[in-house]
file structure.tsv (TSV, C-alpha atoms)
chain	number	residue	atom	x	y	z
L	1	ALA	CA	-1.44	-24.95	-4.26
L	2	ARG	CA	-0.05	-27.50	-1.78
L	3	PHE	CA	2.85	-25.16	-1.02
L	4	VAL	CA	0.84	-21.99	-0.40
L	5	ASP	CA	-0.89	-21.03	2.84
L	6	ASP	CA	-4.66	-20.68	3.00
L	7	ILE	CA	-4.49	-16.92	3.49
L	8	THR	CA	-2.75	-16.43	0.15
L	9	LEU	CA	-5.06	-18.89	-1.58
L	10	GLN	CA	-8.15	-17.12	-0.27
L	11	ASN	CA	-6.82	-13.72	-1.31
L	12	TYR	CA	-6.00	-14.77	-4.85
L	13	SER	CA	-8.48	-17.53	-5.66
L	14	HIS	CA	-10.54	-15.06	-7.72
L	15	ILE	CA	-7.65	-14.95	-10.22
L	16	PHE	CA	-8.41	-18.55	-11.18
L	17	TYR	CA	-12.02	-17.57	-11.93
L	18	TRP	CA	-10.81	-14.72	-14.09
L	19	ILE	CA	-8.33	-16.90	-16.02
L	20	GLY	CA	-10.92	-19.63	-16.51
L	21	ARG	CA	-13.40	-17.13	-17.91
L	22	LYS	CA	-10.83	-15.63	-20.27
L	23	LEU	CA	-9.55	-19.01	-21.52
L	24	HIS	CA	-12.90	-20.81	-21.36
L	25	ASP	CA	-11.12	-23.49	-19.32
L	26	PRO	CA	-13.31	-25.22	-16.67
L	27	ASP	CA	-10.23	-26.60	-14.85
L	28	PHE	CA	-9.31	-23.16	-13.53
L	29	ARG	CA	-12.79	-22.63	-12.14
L	30	ALA	CA	-12.65	-26.09	-10.51
L	31	ILE	CA	-9.43	-25.09	-8.73
L	32	ALA	CA	-11.02	-21.88	-7.48
L	33	ASP	CA	-14.14	-23.72	-6.34
L	34	ASN	CA	-11.95	-26.13	-4.38
L	35	ILE	CA	-10.16	-23.26	-2.63
L	36	LYS	CA	-13.44	-21.53	-1.86
L	37	SER	CA	-14.93	-24.72	-0.41
L	38	ARG	CA	-12.39	-24.59	2.42
L	39	GLY	CA	-14.26	-21.64	3.86
L	40	PHE	CA	-13.14	-18.10	4.49
L	41	ARG	CA	-10.12	-18.37	6.80
L	42	TRP	CA	-8.95	-14.80	7.28
L	43	PRO	CA	-11.70	-12.74	8.92
L	44	GLU	CA	-9.20	-10.25	10.35
L	45	GLY	CA	-8.42	-9.01	6.88
L	46	PHE	CA	-12.01	-8.01	6.20
L	47	TRP	CA	-13.27	-7.31	9.68
L	48	SER	CA	-15.50	-4.46	8.57
L	49	LEU	CA	-17.56	-6.86	6.44
L	50	LEU	CA	-17.91	-9.96	8.60
L	51	TRP	CA	-19.33	-8.80	11.91
L	52	THR	CA	-22.45	-10.11	13.59
L	53	ALA	CA	-24.51	-8.45	16.30
L	54	PRO	CA	-22.40	-6.82	19.03
L	55	LYS	CA	-21.45	-9.12	21.88
L	56	LYS	CA	-20.10	-8.39	25.32
L	57	SER	CA	-16.91	-10.17	26.22
L	58	LEU	CA	-14.53	-10.50	29.13
L	59	ILE	CA	-12.01	-8.12	27.57
L	60	THR	CA	-10.47	-5.87	30.18
L	61	GLU	CA	-9.30	-2.34	29.65
L	62	GLY	CA	-5.93	-2.22	27.95
L	63	LYS	CA	-3.76	-0.41	25.45
L	64	HIS	CA	-0.81	-0.96	23.13
L	65	PHE	CA	1.49	1.29	21.13
L	66	PHE	CA	3.28	-0.13	18.06
L	67	ASP	CA	5.89	2.60	17.89
L	68	ASP	CA	7.73	1.49	14.72
L	69	ILE	CA	4.69	1.43	12.42
L	70	GLY	CA	2.87	4.17	14.34
L	71	ILE	CA	-0.27	2.43	15.57
L	72	TRP	CA	-1.94	3.19	18.91
L	73	VAL	CA	-4.91	1.18	20.19
L	74	LYS	CA	-6.82	1.44	23.45
L	75	ASP	CA	-9.77	-0.42	24.98
L	76	THR	CA	-12.01	1.04	27.66
L	77	VAL	CA	-14.78	-0.88	29.44
L	78	ASP	CA	-17.94	0.52	31.06
L	79	GLU	CA	-19.69	-0.77	34.17
L	80	SER	CA	-21.83	-3.15	32.10
L	81	GLY	CA	-18.85	-4.78	30.41
L	82	ASN	CA	-19.18	-3.02	27.06
L	83	THR	CA	-15.86	-2.39	25.32
L	84	LEU	CA	-14.98	0.64	23.21
L	85	ARG	CA	-11.84	0.16	21.11
L	86	VAL	CA	-10.18	3.09	19.36
L	87	LEU	CA	-7.25	2.77	16.96
L	88	ALA	CA	-5.15	5.55	15.41
L	89	LYS	CA	-2.40	5.26	12.81
L	90	CYS	CA	0.32	7.66	11.71
L	91	GLY	CA	3.59	6.45	10.22
L	92	PRO	CA	5.59	5.91	7.03
L	93	PRO	CA	4.60	2.87	4.93
L	94	LEU	CA	7.55	0.70	5.98
L	95	GLY	CA	8.01	1.87	9.54
L	96	TYR	CA	10.15	4.47	11.26
L	97	ARG	CA	13.22	2.22	11.53
L	98	LEU	CA	13.76	1.71	7.81
L	99	GLU	CA	17.40	2.42	6.94
L	100	THR	CA	17.99	5.34	4.58
L	101	THR	CA	20.92	6.83	2.68
L	102	ASP	CA	22.48	10.23	3.32
L	103	SER	CA	20.14	11.69	0.69
L	104	GLY	CA	17.08	10.33	2.52
L	105	MET	CA	16.25	7.52	0.12
L	106	ALA	CA	15.52	3.96	1.23
L	107	ARG	CA	18.75	1.96	1.38
L	108	TYR	CA	17.26	-1.17	-0.17
L	109	LYS	CA	15.21	-1.69	-3.32
L	110	PHE	CA	11.86	-3.35	-2.72
L	111	ASN	CA	8.15	-2.78	-3.18
L	112	ALA	CA	6.07	-1.72	-0.20
L	113	GLY	CA	3.22	-3.93	-1.34
L	114	HIS	CA	-0.39	-3.14	-0.57
L	115	VAL	CA	-0.14	-0.20	1.83
L	116	HIS	CA	-2.70	2.58	2.16
L	117	PRO	CA	-2.01	6.30	2.55
L	118	ASP	CA	-3.59	6.44	5.98
L	119	ALA	CA	-1.48	8.69	8.19
L	120	GLY	CA	-3.73	10.43	10.72
L	121	SER	CA	-6.56	7.92	10.36
L	122	VAL	CA	-8.74	6.74	13.24
L	123	TYR	CA	-10.97	3.64	13.57
L	124	ALA	CA	-13.30	2.34	16.27
L	125	ALA	CA	-15.30	-0.70	17.38
L	126	TRP	CA	-17.96	-1.28	20.05
L	127	ASN	CA	-18.00	-4.80	21.52
L	128	ASP	CA	-15.99	-5.87	18.45
L	129	LEU	CA	-18.61	-4.29	16.18
L	130	PRO	CA	-16.86	-1.89	13.76
L	131	VAL	CA	-18.47	1.55	13.97
L	132	LEU	CA	-15.81	3.68	12.26
L	133	LEU	CA	-14.39	1.78	9.30
L	134	GLY	CA	-11.31	1.47	7.20
L	135	PRO	CA	-11.40	1.30	3.39
L	136	GLY	CA	-12.32	-2.38	3.12
L	137	TYR	CA	-11.24	-4.91	0.54
L	138	LEU	CA	-11.02	-3.55	-3.02
L	139	GLY	CA	-11.92	-0.09	-1.80
L	140	ILE	CA	-10.31	2.92	-3.43
L	141	LYS	CA	-6.93	3.59	-1.85
L	142	LYS	CA	-7.09	7.35	-1.40
L	143	GLY	CA	-7.14	9.66	1.54
L	144	ILE	CA	-10.91	10.16	1.40
L	145	PHE	CA	-11.41	6.51	2.37
L	146	GLN	CA	-9.02	6.60	5.31
L	147	ASN	CA	-10.80	8.70	7.96
L	148	SER	CA	-8.21	11.41	7.54
L	149	ILE	CA	-7.80	14.95	6.14
L	150	CYS	CA	-8.08	16.02	2.51
L	151	PHE	CA	-7.67	19.30	0.61
L	152	ASN	CA	-10.06	19.97	-2.27
L	153	GLY	CA	-10.72	16.22	-2.30
L	154	ARG	CA	-7.05	15.29	-2.58
L	155	GLY	CA	-5.57	12.91	-0.07
L	156	GLN	CA	-2.05	11.83	0.74
L	157	PHE	CA	0.18	11.44	-2.33
L	158	ASP	CA	-2.81	10.24	-4.38
L	159	ASP	CA	-1.69	6.68	-3.61
L	160	ARG	CA	1.49	6.95	-5.72
L	161	LEU	CA	3.87	6.67	-2.81
L	162	TYR	CA	2.13	4.16	-0.61
L	163	HIS	CA	0.77	1.67	-3.10
L	164	ALA	CA	3.80	1.51	-5.38
L	165	PHE	CA	6.67	2.57	-3.18
L	166	ASP	CA	9.68	3.68	-5.25
L	167	PRO	CA	12.80	3.77	-3.05
L	168	GLU	CA	14.84	5.53	-5.75
L	169	THR	CA	12.66	8.63	-5.93
L	170	THR	CA	11.01	8.89	-2.52
L	171	ASN	CA	12.54	10.94	0.27
L	172	TYR	CA	11.76	8.51	3.05
L	173	ASN	CA	13.39	10.70	5.69
L	174	LYS	CA	10.66	13.25	5.07
L	175	LEU	CA	8.04	10.63	5.89
L	176	LYS	CA	9.93	9.62	9.02
L	177	GLU	CA	9.39	13.16	10.30
L	178	MET	CA	5.74	12.29	10.87
L	179	SER	CA	4.99	11.46	14.49
L	180	ILE	CA	2.49	9.78	16.79
L	181	VAL	CA	2.94	10.53	20.50
L	182	PRO	CA	0.83	9.02	23.31
L	183	ASP	CA	-0.45	11.36	26.03
L	184	ILE	CA	1.22	11.17	29.42
L	185	ASP	CA	-1.92	9.68	30.97
L	186	ASP	CA	-2.42	7.30	28.01
L	187	SER	CA	-5.91	8.67	27.36
L	188	GLY	CA	-5.06	9.50	23.76
L	189	ILE	CA	-2.42	10.42	21.19
L	190	THR	CA	-1.27	13.33	19.04
L	191	MET	CA	-0.45	12.70	15.37
L	192	ASN	CA	1.51	15.01	13.07
L	193	PHE	CA	1.19	13.88	9.45
L	194	THR	CA	2.06	17.13	7.67
L	195	ASN	CA	4.72	15.46	5.52
L	196	SER	CA	2.36	12.83	4.17
L	197	TYR	CA	1.01	15.28	1.58
L	198	GLU	CA	2.43	16.37	-1.75
L	199	THR	CA	4.39	19.61	-1.71
L	200	SER	CA	1.98	21.18	-4.22
L	201	LEU	CA	-0.77	21.17	-1.60
L	202	THR	CA	1.35	23.52	0.57
L	203	VAL	CA	0.26	21.83	3.81
L	204	ASN	CA	2.27	23.31	6.67
L	205	ASN	CA	0.31	21.83	9.55
L	206	ALA	CA	-1.75	18.65	9.84
L	207	ILE	CA	-2.20	17.63	13.46
L	208	ARG	CA	-4.89	15.36	14.88
L	209	LYS	CA	-5.50	14.50	18.51
L	210	VAL	CA	-7.55	11.42	19.42
L	211	SER	CA	-8.64	10.75	22.99
L	212	ILE	CA	-11.18	8.63	24.86
L	213	ASP	CA	-13.29	10.92	27.03
L	214	SER	CA	-15.73	8.33	28.43
L	215	PRO	CA	-16.32	4.55	28.28
L	216	CYS	CA	-18.70	5.10	25.34
L	217	SER	CA	-17.21	8.05	23.44
L	218	PHE	CA	-14.01	9.49	22.00
L	219	ILE	CA	-12.83	12.85	20.70
L	220	VAL	CA	-11.09	13.77	17.44
L	221	SER	CA	-9.55	17.26	17.22
L	222	ASP	CA	-7.94	18.59	14.03
L	223	ASP	CA	-5.61	21.57	13.57
L	224	VAL	CA	-4.80	22.05	9.88
L	225	SER	CA	-3.33	24.87	7.79
L	226	THR	CA	-2.03	25.50	4.26
L	227	ASP	CA	-0.36	28.33	2.37
L	228	ILE	CA	-3.00	28.25	-0.37
L	229	GLU	CA	-6.73	28.53	0.32
L	230	ALA	CA	-8.54	25.22	-0.05
L	231	TYR	CA	-11.61	23.32	1.09
L	232	ILE	CA	-10.26	21.56	4.16
L	233	GLU	CA	-12.09	18.28	4.71
L	234	ALA	CA	-12.27	15.58	7.38
L	235	TYR	CA	-13.64	12.25	6.12
L	236	PHE	CA	-15.07	9.45	8.28
L	237	ARG	CA	-16.28	6.19	6.77
L	238	VAL	CA	-19.24	4.30	8.25
L	239	SER	CA	-21.08	1.17	7.10
L	240	ASP	CA	-24.73	2.24	7.13
L	241	PRO	CA	-26.77	5.18	5.87
L	242	PRO	CA	-27.52	7.95	8.37
L	243	GLU	CA	-30.84	8.16	10.17
L	244	ILE	CA	-30.43	11.80	11.17
L	245	ILE	CA	-28.36	14.51	9.48
L	246	GLY	CA	-28.30	17.77	11.39
L	247	THR	CA	-26.27	20.94	11.07
L	248	ASP	CA	-23.80	19.75	13.70
L	249	ALA	CA	-24.55	16.04	14.27
L	250	ILE	CA	-25.19	12.77	12.41
L	251	VAL	CA	-26.76	9.58	13.75
L	252	TRP	CA	-26.55	6.15	12.15
L	253	ASP	CA	-27.37	2.55	13.08
L	254	VAL	CA	-25.01	-0.45	12.94
L	255	CYS	CA	-26.65	-3.82	13.62
L	256	GLY	CA	-29.11	-2.17	15.98
L	257	GLN	CA	-26.45	-0.11	17.75
L	258	LYS	CA	-26.92	3.64	17.32
L	259	MET	CA	-23.88	5.87	16.89
L	260	SER	CA	-23.54	9.62	16.69
L	261	MET	CA	-20.95	12.09	15.52
L	262	GLN	CA	-21.27	15.66	16.81
L	263	VAL	CA	-19.20	18.76	16.09
L	264	LEU	CA	-18.42	20.16	19.53
L	265	ASN	CA	-16.66	23.29	18.33
L	266	SER	CA	-15.13	24.82	15.23
L	267	GLN	CA	-13.19	28.02	14.59
L	268	ILE	CA	-14.54	28.27	11.05
L	269	GLU	CA	-17.92	27.90	9.38
L	270	TYR	CA	-18.41	24.36	8.13
L	271	GLU	CA	-20.70	21.97	6.26
L	272	LEU	CA	-21.63	18.50	7.47
L	273	PHE	CA	-23.13	15.93	5.11
L	274	VAL	CA	-23.02	12.28	4.02
L	275	TYR	CA	-22.68	10.68	0.60
L	276	PRO	CA	-22.53	7.05	-0.55
L	277	GLY	CA	-19.10	5.51	-0.94
L	278	ASN	CA	-17.98	2.92	-3.46
L	279	VAL	CA	-19.31	-0.61	-3.41
L	280	ILE	CA	-16.66	-3.04	-2.21
L	281	THR	CA	-16.79	-6.81	-2.28
L	282	ILE	CA	-14.99	-9.91	-1.00
L	283	ASN	CA	-14.67	-13.43	-2.40
L	284	ASP	CA	-15.30	-12.25	-5.92
L	285	CYS	CA	-16.36	-15.43	-7.72
L	286	GLY	CA	-15.58	-14.23	-11.21
L	287	LYS	CA	-19.04	-13.10	-12.23
L	288	SER	CA	-19.04	-10.71	-15.15
L	289	GLY	CA	-19.88	-7.10	-14.46
L	290	PRO	CA	-18.82	-4.50	-11.89
L	291	LEU	CA	-17.60	-5.13	-8.34
L	292	GLU	CA	-21.09	-5.33	-6.91
L	293	CYS	CA	-21.51	-8.67	-8.69
L	294	GLY	CA	-19.35	-10.28	-5.99
L	295	ASP	CA	-20.66	-12.57	-3.28
L	296	VAL	CA	-20.49	-10.22	-0.29
L	297	ASN	CA	-20.95	-6.49	-0.78
L	298	GLN	CA	-20.81	-3.37	1.30
L	299	ARG	CA	-21.29	0.14	0.02
L	300	GLY	CA	-20.13	2.23	2.93
L	301	TYR	CA	-20.93	5.89	3.51
L	302	GLN	CA	-18.69	8.91	3.88
L	303	ILE	CA	-19.33	11.48	6.58
L	304	LEU	CA	-17.74	14.72	5.42
L	305	LEU	CA	-16.92	17.69	7.63
L	306	ARG	CA	-15.76	20.48	5.32
L	307	SER	CA	-15.01	24.17	5.52
L	308	GLU	CA	-17.91	26.14	4.05
L	309	ARG	CA	-15.53	28.08	1.82
L	310	LYS	CA	-11.88	27.89	0.86
L	311	VAL	CA	-9.68	28.75	3.82
L	312	LYS	CA	-6.05	28.51	4.88
L	313	LYS	CA	-6.74	27.14	8.34
L	314	ALA	CA	-9.28	24.88	10.03
L	315	LYS	CA	-9.58	23.82	13.64
L	316	TRP	CA	-12.44	21.73	14.97
L	317	THR	CA	-13.34	19.06	17.52
L	318	VAL	CA	-15.84	16.23	17.00
L	319	GLN	CA	-17.14	13.55	19.34
L	320	PHE	CA	-18.16	10.00	18.40
L	321	ARG	CA	-20.55	8.40	20.88
L	322	VAL	CA	-22.44	5.15	21.36
L	323	ILE	CA	-26.05	6.13	22.07

call {"tool": "encode", "arguments": {"input": "structure.tsv", "output": "structure tokens"}}
result
Amino acid sequence: ARFVDDITLQNYSHIFYWIGRKLHDPDFRAIADNIKSRGFRWPEGFWSLLWTAPKKSLITEGKHFFDDIGIWVKDTVDESGNTLRVLAKCGPPLGYRLETTDSGMARYKFNAGHVHPDAGSVYAAWNDLPVLLGPGYLGIKKGIFQNSICFNGRGQFDDRLYHAFDPETTNYNKLKEMSIVPDIDDSGITMNFTNSYETSLTVNNAIRKVSIDSPCSFIVSDDVSTDIEAYIEAYFRVSDPPEIIGTDAIVWDVCGQKMSMQVLNSQIEYELFVYPGNVITINDCGKSGPLECGDVNQRGYQILLRSERKVKKAKWTVQFRVI
């Protein structure tokens, strides 16, 4: 343990609990207790679980575009100093610059590690308070937990490509055809993640535009089509249960801060509802039982915007706003 950084120790300390329980060896638990006593040293990794009440800061308006991995982030500040941060992601699991062979395969053999199938996803925070979440630690790594688009409940590659990247069988050049392009005025971006889906889903268009339209709101517009009729679905993950569920809008509360999502327009008939997500946990201390036996838990809730019937095309625009 002396030769391993604290981040790695914190991430894997629960393994010592598990081994100690299996072998009935108290020494393993003592090691894990010692690691845990150092305190949790990597809040960035679990930012959706560790927030406190929203706080104003001296952050000024800014933006950044990580072009290789396909991440765009922008901050906007209102007259009172409140900061809205919006992040969008669309790119292959190991970046656009990965070298490939003539056949499109990755040139080198390696594992992509823990990477989520999250092309086209969007996240947001208000004064550093997460209001539109990612999957969280130990969450299910599927498209429905990534604030992206699904077809009949199926996400991108069902996690086979991204979580266990196989350079010998994956056409990486196809993934590099995805794109994320900032607007000329830097108010937003356009993402094309058509090639992130399995061929069997017959997706021929998956485009999402994300833009900040005011200091307290942002817009998400989807234009999706397939060759085979399907329930086309847009998922958005939030931390708290909704207070209001209407036919075209949902309101929820995060640490006393009210948020809303409203469907501004849609070219098809749609359904809008919310259902509980999976319980996720951090710092699992080895207690027996399911995940919710961990020390810190968060259930999460899925907002689902779905075509009312199976269709070949869906086009809609939604607005997220701090109330």

call {"tool": "residues_around", "arguments": {"input": "structure.tsv", "residues": "Asp186 of chain L", "least_positions_apart": "5", "cutoff": "12 Å", "atoms": "all atoms listed in the file", "output": "NGL selection string"}}
result
:L and (61-65 or 72-76 or 181 or 210-213)

call {"tool": "residues_around", "arguments": {"input": "structure.tsv", "residues": "Ala206 of chain L", "least_positions_apart": "6", "cutoff": "6 Å", "atoms": "all atoms listed in the file", "output": "ChimeraX atom specification"}}
result
/L:192-194,224

call {"tool": "closest_residue", "arguments": {"input": "structure.tsv", "among": "L:Gly20, L:Pro276, L:Pro182, L:Pro242", "to": "Met261 of chain L", "atoms": "all atoms listed in the file"}}
result
L:Pro242

call {"tool": "residues_around", "arguments": {"input": "structure.tsv", "residues": "Glu269 of chain L", "least_positions_apart": "2", "cutoff": "8 Å", "atoms": "only C-alpha atoms", "output": "number ranges by chain"}}
result
L: 266-267, 271, 307-309

call {"tool": "residues_near_point", "arguments": {"input": "structure.tsv", "point": "(-21.6, 7.1, 2.4)", "cutoff": "9 Å", "atoms": "all atoms listed in the file", "output": "JSON, numbers by chain"}}
result
{"L": [237, 238, 239, 240, 241, 242, 274, 275, 276, 277, 278, 299, 300, 301, 302, 303]}

call {"tool": "closest_residue", "arguments": {"input": "structure.tsv", "among": "L:Ile207, L:Ala106, L:Ile71, L:Val122", "to": "Phe236 of chain L", "atoms": "all atoms listed in the file"}}
result
L:Val122

call {"tool": "residues_around", "arguments": {"input": "structure.tsv", "residues": "Lys89 of chain L", "least_positions_apart": "6", "cutoff": "12 Å", "atoms": "all atoms listed in the file", "output": "ChimeraX atom specification"}}
result
/L:65-73,95,116-124,134,146-148,178-182,189-193,208-210

call {"tool": "atom_distance", "arguments": {"input": "structure.tsv", "atom1": "atom CA of Cys150 of chain L", "atom2": "atom CA of Ala234 of chain L"}}
result
6.4 Å

call {"tool": "atom_distance", "arguments": {"input": "structure.tsv", "atom1": "atom CA of Tyr235 of chain L", "atom2": "atom CA of Asp183 of chain L"}}
result
23.9 Å

call {"tool": "residues_around", "arguments": {"input": "structure.tsv", "residues": "Leu264 of chain L", "least_positions_apart": "4", "cutoff": "7 Å", "atoms": "all atoms listed in the file", "output": "JSON, numbers by chain"}}
result
{"L": [317, 318, 319]}

call {"tool": "closest_residue", "arguments": {"input": "structure.tsv", "among": "L:Ser103, L:Ser217, L:Asn173, L:Thr202", "to": "Leu84 of chain L", "atoms": "all atoms listed in the file"}}
result
L:Ser217

call {"tool": "atom_distance", "arguments": {"input": "structure.tsv", "atom1": "atom CA of Val311 of chain L", "atom2": "atom CA of Ala249 of chain L"}}
result
22.2 Å

call {"tool": "residues_near_point", "arguments": {"input": "structure.tsv", "point": "(15.5, 8.2, 3.1)", "cutoff": "10 Å", "atoms": "only C-alpha atoms", "output": "PDB file with C-alpha atoms, in the frame of the given file"}}
result
ATOM      1  CA  LEU L  98      13.760   1.710   7.810  1.00  0.00           C
ATOM      2  CA  GLU L  99      17.400   2.420   6.940  1.00  0.00           C
ATOM      3  CA  THR L 100      17.990   5.340   4.580  1.00  0.00           C
ATOM      4  CA  THR L 101      20.920   6.830   2.680  1.00  0.00           C
ATOM      5  CA  ASP L 102      22.480  10.230   3.320  1.00  0.00           C
ATOM      6  CA  SER L 103      20.140  11.690   0.690  1.00  0.00           C
ATOM      7  CA  GLY L 104      17.080  10.330   2.520  1.00  0.00           C
ATOM      8  CA  MET L 105      16.250   7.520   0.120  1.00  0.00           C
ATOM      9  CA  ALA L 106      15.520   3.960   1.230  1.00  0.00           C
ATOM     10  CA  ARG L 107      18.750   1.960   1.380  1.00  0.00           C
ATOM     11  CA  PRO L 167      12.800   3.770  -3.050  1.00  0.00           C
ATOM     12  CA  GLU L 168      14.840   5.530  -5.750  1.00  0.00           C
ATOM     13  CA  THR L 169      12.660   8.630  -5.930  1.00  0.00           C
ATOM     14  CA  THR L 170      11.010   8.890  -2.520  1.00  0.00           C
ATOM     15  CA  ASN L 171      12.540  10.940   0.270  1.00  0.00           C
ATOM     16  CA  TYR L 172      11.760   8.510   3.050  1.00  0.00           C
ATOM     17  CA  ASN L 173      13.390  10.700   5.690  1.00  0.00           C
ATOM     18  CA  LYS L 174      10.660  13.250   5.070  1.00  0.00           C
ATOM     19  CA  LEU L 175       8.040  10.630   5.890  1.00  0.00           C
ATOM     20  CA  LYS L 176       9.930   9.620   9.020  1.00  0.00           C
TER      21      LYS L 176
END

call {"tool": "closest_residue", "arguments": {"input": "structure.tsv", "among": "L:Val251, L:Val263, L:Ala32, L:Ala230", "to": "Ala314 of chain L", "atoms": "only C-alpha atoms"}}
result
L:Ala230
